[in-house]
Amino acid sequence: MSNKRKKKQAAQRRAQSQQQHQTKQTAEPRKKPTVRAKPRWLWPAVAGVLILAALVVAGALVRPSLSKPTGPWTLTILHTTDVAGYIDPCG
Amino acid sequence: MARRATAIQGYRSKNEHVLVLDAGDALFGQPASDKSEGRALVEAMGLMKYDAMAIGERDMAHFAALLDRSRETAFPFLSANLVYTSTNKPVFTPYVVRDVGGRKVAVIGLTPSDESFKALAPADVTASDPVETAREYVAKARGEKVDAIVILSHLGNVLDRKIASEVEGITAIIGGHSFDLLQETLQIGSTVIGQAGYGGEWLGEVTVALDAEGRVSSASARLIPLSEDYADDPELAALVARYPQ
């Protein structure tokens, strides 16, 4: 086979392959990316949950107790402070 | 003050095991009280049967009158960390042990050692570190086998929290100085902290239930606003009239 013929055949194969590729591209629509972009609200939401968790932990360390105490012995302390010489009309 | 007397009297008539305490800076600050050198307030607190009062830095600004009043009253003026600079001896009673319904309750007084104190106190009186003093006197009180320990503190809420978290065995801290209105129960570890604002407008109430080992099993705290719902106590009203504003 002459060099001229070989070159002609190679050019035909390249053209055929390019055509097939173009046909495939037009036949199959471009695939959408499988990983979705993260919604804008995600990071503020995560930050909010973390802050809430921190508050719950802090609340457990310094907790307000609401129940009225009952037990075998209870002590009640009535108290005032910083009255600063007020006689009247305050309290 | 006449309303406060009514509130305290009503409370005592319905409840047992009650202590009435003041966390300091009570006696001076208004023309009538200053003119009477603190007598007006001391007399009134005597009528209301206060059990003890802590010393605040403003009380120290009237040191001579304060010493005189402390010798006249039926209730003690407490401060465990105020000492004479030269002798290191306490200026006031450091703590008292009260019998409350057959149980022993220690009440320890503390005064601030910060700049506010240094600006107002006489030169020969020093306020030692309140946290270390609390540690020392809580140990002393425990040595007396008391059932409950109350710190009567004029240190402010930040130091009250520090003491509650660092010193074991305190039942309650009754605070002042920082003008906090603690409307709900604040409990750090097993220590309950209360503070009733300023100016005598509120009466604080801290209630603790103790288990067999003397630990706080449950607690509650609230502030009672001394509004017009409380009628004036006639005896206190007469006293107020004797000290015109």
# chains A, B, ... in the order shown; residues from 1 in each chain; ligands from 1
>>> closest_atom_pairs(of="chain B", to="chain A", cutoff="6 Å", atoms="only C-alpha atoms", output="CSV")
residue,atom,partner,partner_atom,distance
B:Met1,CA,A:Gly91,CA,4.7
B:Arg3,CA,A:Gly91,CA,5.3
B:Arg4,CA,A:Gly91,CA,5.4
B:His17,CA,A:Leu75,CA,5.2
B:Val18,CA,A:Thr76,CA,4.8
B:Leu19,CA,A:Ile77,CA,4.8
B:Val20,CA,A:Leu78,CA,4.8
B:Leu21,CA,A:His79,CA,4.8
B:Asp22,CA,A:Thr80,CA,4.8
B:Ala23,CA,A:Thr81,CA,4.8
B:Gly24,CA,A:Thr81,CA,5.7
B:Asp25,CA,A:Asp82,CA,4.8
B:Ala26,CA,A:Val83,CA,4.6
B:Leu27,CA,A:Gly85,CA,4.8
B:Phe28,CA,A:Gly85,CA,4.4
B:Gly29,CA,A:Ala84,CA,4.8
B:Gln30,CA,A:Gly85,CA,5.1
B:Ser33,CA,A:Gly85,CA,5.2
B:Gly176,CA,A:Thr81,CA,5.4
B:Thr185,CA,A:Pro64,CA,5.0
B:Leu186,CA,A:Pro64,CA,5.4
B:Ile188,CA,A:Val62,CA,5.6
B:Ala196,CA,A:Thr80,CA,5.6
B:Tyr198,CA,A:Asp82,CA,4.7
B:Gly199,CA,A:Val83,CA,4.0
B:Gly200,CA,A:Val83,CA,4.7
B:Glu201,CA,A:Gly91,CA,4.7
B:Leu203,CA,A:Thr80,CA,5.7
B:Gly204,CA,A:His79,CA,4.9
B:Glu205,CA,A:Leu78,CA,4.7
B:Val206,CA,A:Ile77,CA,5.1
B:Thr207,CA,A:Thr76,CA,4.3
B:Val208,CA,A:Leu75,CA,5.4
B:Ala209,CA,A:Thr74,CA,4.2
B:Leu210,CA,A:Trp73,CA,5.7
B:Ser218,CA,A:Pro69,CA,4.9
B:Ala219,CA,A:Pro69,CA,5.1
B:Ser220,CA,A:Lys68,CA,5.7
B:Leu226,CA,A:Gly91,CA,4.9
>>> select_by_dssp(residues="range 51-237 of chain B", states="alpha helix (DSSP H)", output="MDAnalysis selection string")
chainID B and resid 57:60 63:72 115:120 130:143 157:166 234:237
>>> write_last_selection(atoms="N, CA and C atoms", output="short mmCIF file (atom, residue, chain, number, x, y, z; two decimals), in the first residue's frame")
data_model
loop_
_atom_site.label_atom_id
_atom_site.label_comp_id
_atom_site.auth_asym_id
_atom_site.auth_seq_id
_atom_site.Cartn_x
_atom_site.Cartn_y
_atom_site.Cartn_z
N GLU B 57 -18.86 48.18 100.92
CA GLU B 57 -17.82 49.22 100.88
C GLU B 57 -18.38 50.60 101.24
N ARG B 58 -19.67 50.84 100.93
CA ARG B 58 -20.24 52.15 101.25
C ARG B 58 -20.45 52.30 102.76
N ASP B 59 -20.69 51.17 103.42
CA ASP B 59 -20.79 51.22 104.88
C ASP B 59 -19.47 51.69 105.48
N MET B 60 -18.36 51.28 104.81
CA MET B 60 -17.03 51.60 105.33
C MET B 60 -16.69 53.08 105.23
N PHE B 63 -17.09 54.77 108.77
CA PHE B 63 -16.53 53.71 109.60
C PHE B 63 -16.81 53.91 111.10
N ALA B 64 -16.62 55.11 111.60
CA ALA B 64 -16.80 55.34 113.04
C ALA B 64 -18.26 55.07 113.45
N ALA B 65 -19.19 55.61 112.65
CA ALA B 65 -20.61 55.39 112.95
C ALA B 65 -20.98 53.91 112.81
N LEU B 66 -20.37 53.26 111.82
CA LEU B 66 -20.64 51.84 111.59
C LEU B 66 -20.21 51.00 112.80
N LEU B 67 -19.04 51.30 113.34
CA LEU B 67 -18.57 50.58 114.54
C LEU B 67 -19.53 50.81 115.71
N ASP B 68 -19.95 52.07 115.86
CA ASP B 68 -20.89 52.39 116.95
C ASP B 68 -22.19 51.60 116.80
N ARG B 69 -22.74 51.58 115.58
CA ARG B 69 -24.01 50.87 115.35
C ARG B 69 -23.83 49.36 115.59
N SER B 70 -22.67 48.83 115.21
CA SER B 70 -22.46 47.38 115.36
C SER B 70 -22.46 46.96 116.83
N ARG B 71 -22.10 47.92 117.71
CA ARG B 71 -22.09 47.62 119.15
C ARG B 71 -23.49 47.72 119.76
N GLU B 72 -24.40 48.41 119.05
CA GLU B 72 -25.74 48.65 119.61
C GLU B 72 -26.79 47.64 119.16
N GLU B 115 -11.21 48.11 94.16
CA GLU B 115 -10.92 49.54 94.23
C GLU B 115 -12.02 50.31 94.96
N SER B 116 -13.28 49.86 94.81
CA SER B 116 -14.38 50.57 95.47
C SER B 116 -14.18 50.56 96.98
N PHE B 117 -13.66 49.44 97.50
CA PHE B 117 -13.39 49.35 98.93
C PHE B 117 -12.23 50.26 99.31
N LYS B 118 -11.14 50.17 98.53
CA LYS B 118 -9.93 50.94 98.85
C LYS B 118 -10.20 52.44 98.86
N ALA B 119 -11.12 52.87 97.98
CA ALA B 119 -11.43 54.30 97.90
C ALA B 119 -12.19 54.80 99.13
N LEU B 120 -12.91 53.92 99.80
CA LEU B 120 -13.81 54.36 100.87
C LEU B 120 -13.38 53.93 102.27
N PRO B 130 -11.27 37.60 99.16
CA PRO B 130 -12.55 37.01 99.61
C PRO B 130 -12.71 35.53 99.28
N VAL B 131 -12.12 35.08 98.17
CA VAL B 131 -12.28 33.65 97.81
C VAL B 131 -11.52 32.77 98.80
N GLU B 132 -10.28 33.18 99.11
CA GLU B 132 -9.49 32.41 100.08
C GLU B 132 -10.11 32.47 101.46
N THR B 133 -10.66 33.65 101.80
CA THR B 133 -11.32 33.79 103.11
C THR B 133 -12.55 32.88 103.18
N ALA B 134 -13.29 32.83 102.07
CA ALA B 134 -14.47 31.95 102.04
C ALA B 134 -14.04 30.50 102.28
N ARG B 135 -12.98 30.10 101.61
CA ARG B 135 -12.48 28.72 101.76
C ARG B 135 -12.13 28.43 103.23
N GLU B 136 -11.43 29.41 103.83
CA GLU B 136 -10.97 29.23 105.22
C GLU B 136 -12.15 29.12 106.18
N TYR B 137 -13.12 30.02 106.02
CA TYR B 137 -14.22 30.04 106.99
C TYR B 137 -15.26 28.95 106.73
N VAL B 138 -15.40 28.52 105.51
CA VAL B 138 -16.28 27.37 105.25
C VAL B 138 -15.70 26.13 105.94
N ALA B 139 -14.37 25.98 105.87
CA ALA B 139 -13.73 24.85 106.56
C ALA B 139 -13.95 24.94 108.07
N LYS B 140 -13.84 26.17 108.62
CA LYS B 140 -14.06 26.36 110.06
C LYS B 140 -15.49 25.98 110.45
N ALA B 141 -16.45 26.46 109.63
CA ALA B 141 -17.85 26.18 109.93
C ALA B 141 -18.15 24.69 109.84
N ARG B 142 -17.55 24.04 108.85
CA ARG B 142 -17.76 22.58 108.73
C ARG B 142 -17.19 21.86 109.95
N GLY B 143 -16.11 22.41 110.49
CA GLY B 143 -15.52 21.86 111.72
C GLY B 143 -16.47 21.93 112.89
N ASN B 157 -21.98 39.54 91.69
CA ASN B 157 -22.38 38.23 91.19
C ASN B 157 -21.24 37.43 90.53
N VAL B 158 -20.26 38.14 89.95
CA VAL B 158 -19.16 37.41 89.30
C VAL B 158 -18.35 36.63 90.34
N LEU B 159 -18.01 37.31 91.44
CA LEU B 159 -17.25 36.62 92.49
C LEU B 159 -18.11 35.59 93.22
N ASP B 160 -19.39 35.86 93.34
CA ASP B 160 -20.28 34.86 93.97
C ASP B 160 -20.25 33.55 93.18
N ARG B 161 -20.31 33.67 91.86
CA ARG B 161 -20.26 32.47 90.99
C ARG B 161 -18.92 31.76 91.13
N LYS B 162 -17.85 32.56 91.21
CA LYS B 162 -16.50 31.99 91.35
C LYS B 162 -16.40 31.19 92.66
N ILE B 163 -16.89 31.78 93.74
CA ILE B 163 -16.83 31.10 95.03
C ILE B 163 -17.68 29.82 95.00
N ALA B 164 -18.86 29.93 94.39
CA ALA B 164 -19.74 28.74 94.31
C ALA B 164 -19.06 27.61 93.55
N SER B 165 -18.32 27.95 92.51
CA SER B 165 -17.70 26.88 91.70
C SER B 165 -16.38 26.40 92.28
N GLU B 166 -15.73 27.21 93.15
CA GLU B 166 -14.41 26.82 93.65
C GLU B 166 -14.40 26.33 95.10
N PRO B 234 -47.67 49.27 110.86
CA PRO B 234 -47.84 50.51 111.63
C PRO B 234 -46.59 50.89 112.44
N GLU B 235 -45.94 49.89 113.02
CA GLU B 235 -44.76 50.18 113.86
C GLU B 235 -43.64 50.78 113.01
N LEU B 236 -43.43 50.18 111.82
CA LEU B 236 -42.40 50.70 110.92
C LEU B 236 -42.78 52.05 110.33
N ALA B 237 -44.07 52.22 110.08
CA ALA B 237 -44.54 53.50 109.54
C ALA B 237 -44.27 54.62 110.56
#
>>> residues_around(residues="range 83-90 of chain B", least_positions_apart="5", cutoff="6 Å", atoms="only C-alpha atoms", output="list in words")
Asp124, Val125 and Thr126 of chain B
>>> closest_residue(among="B:Tyr243, B:Phe75, B:Tyr230, B:Tyr95", to="Glu144 in chain B", atoms="only C-alpha atoms")
B:Tyr95
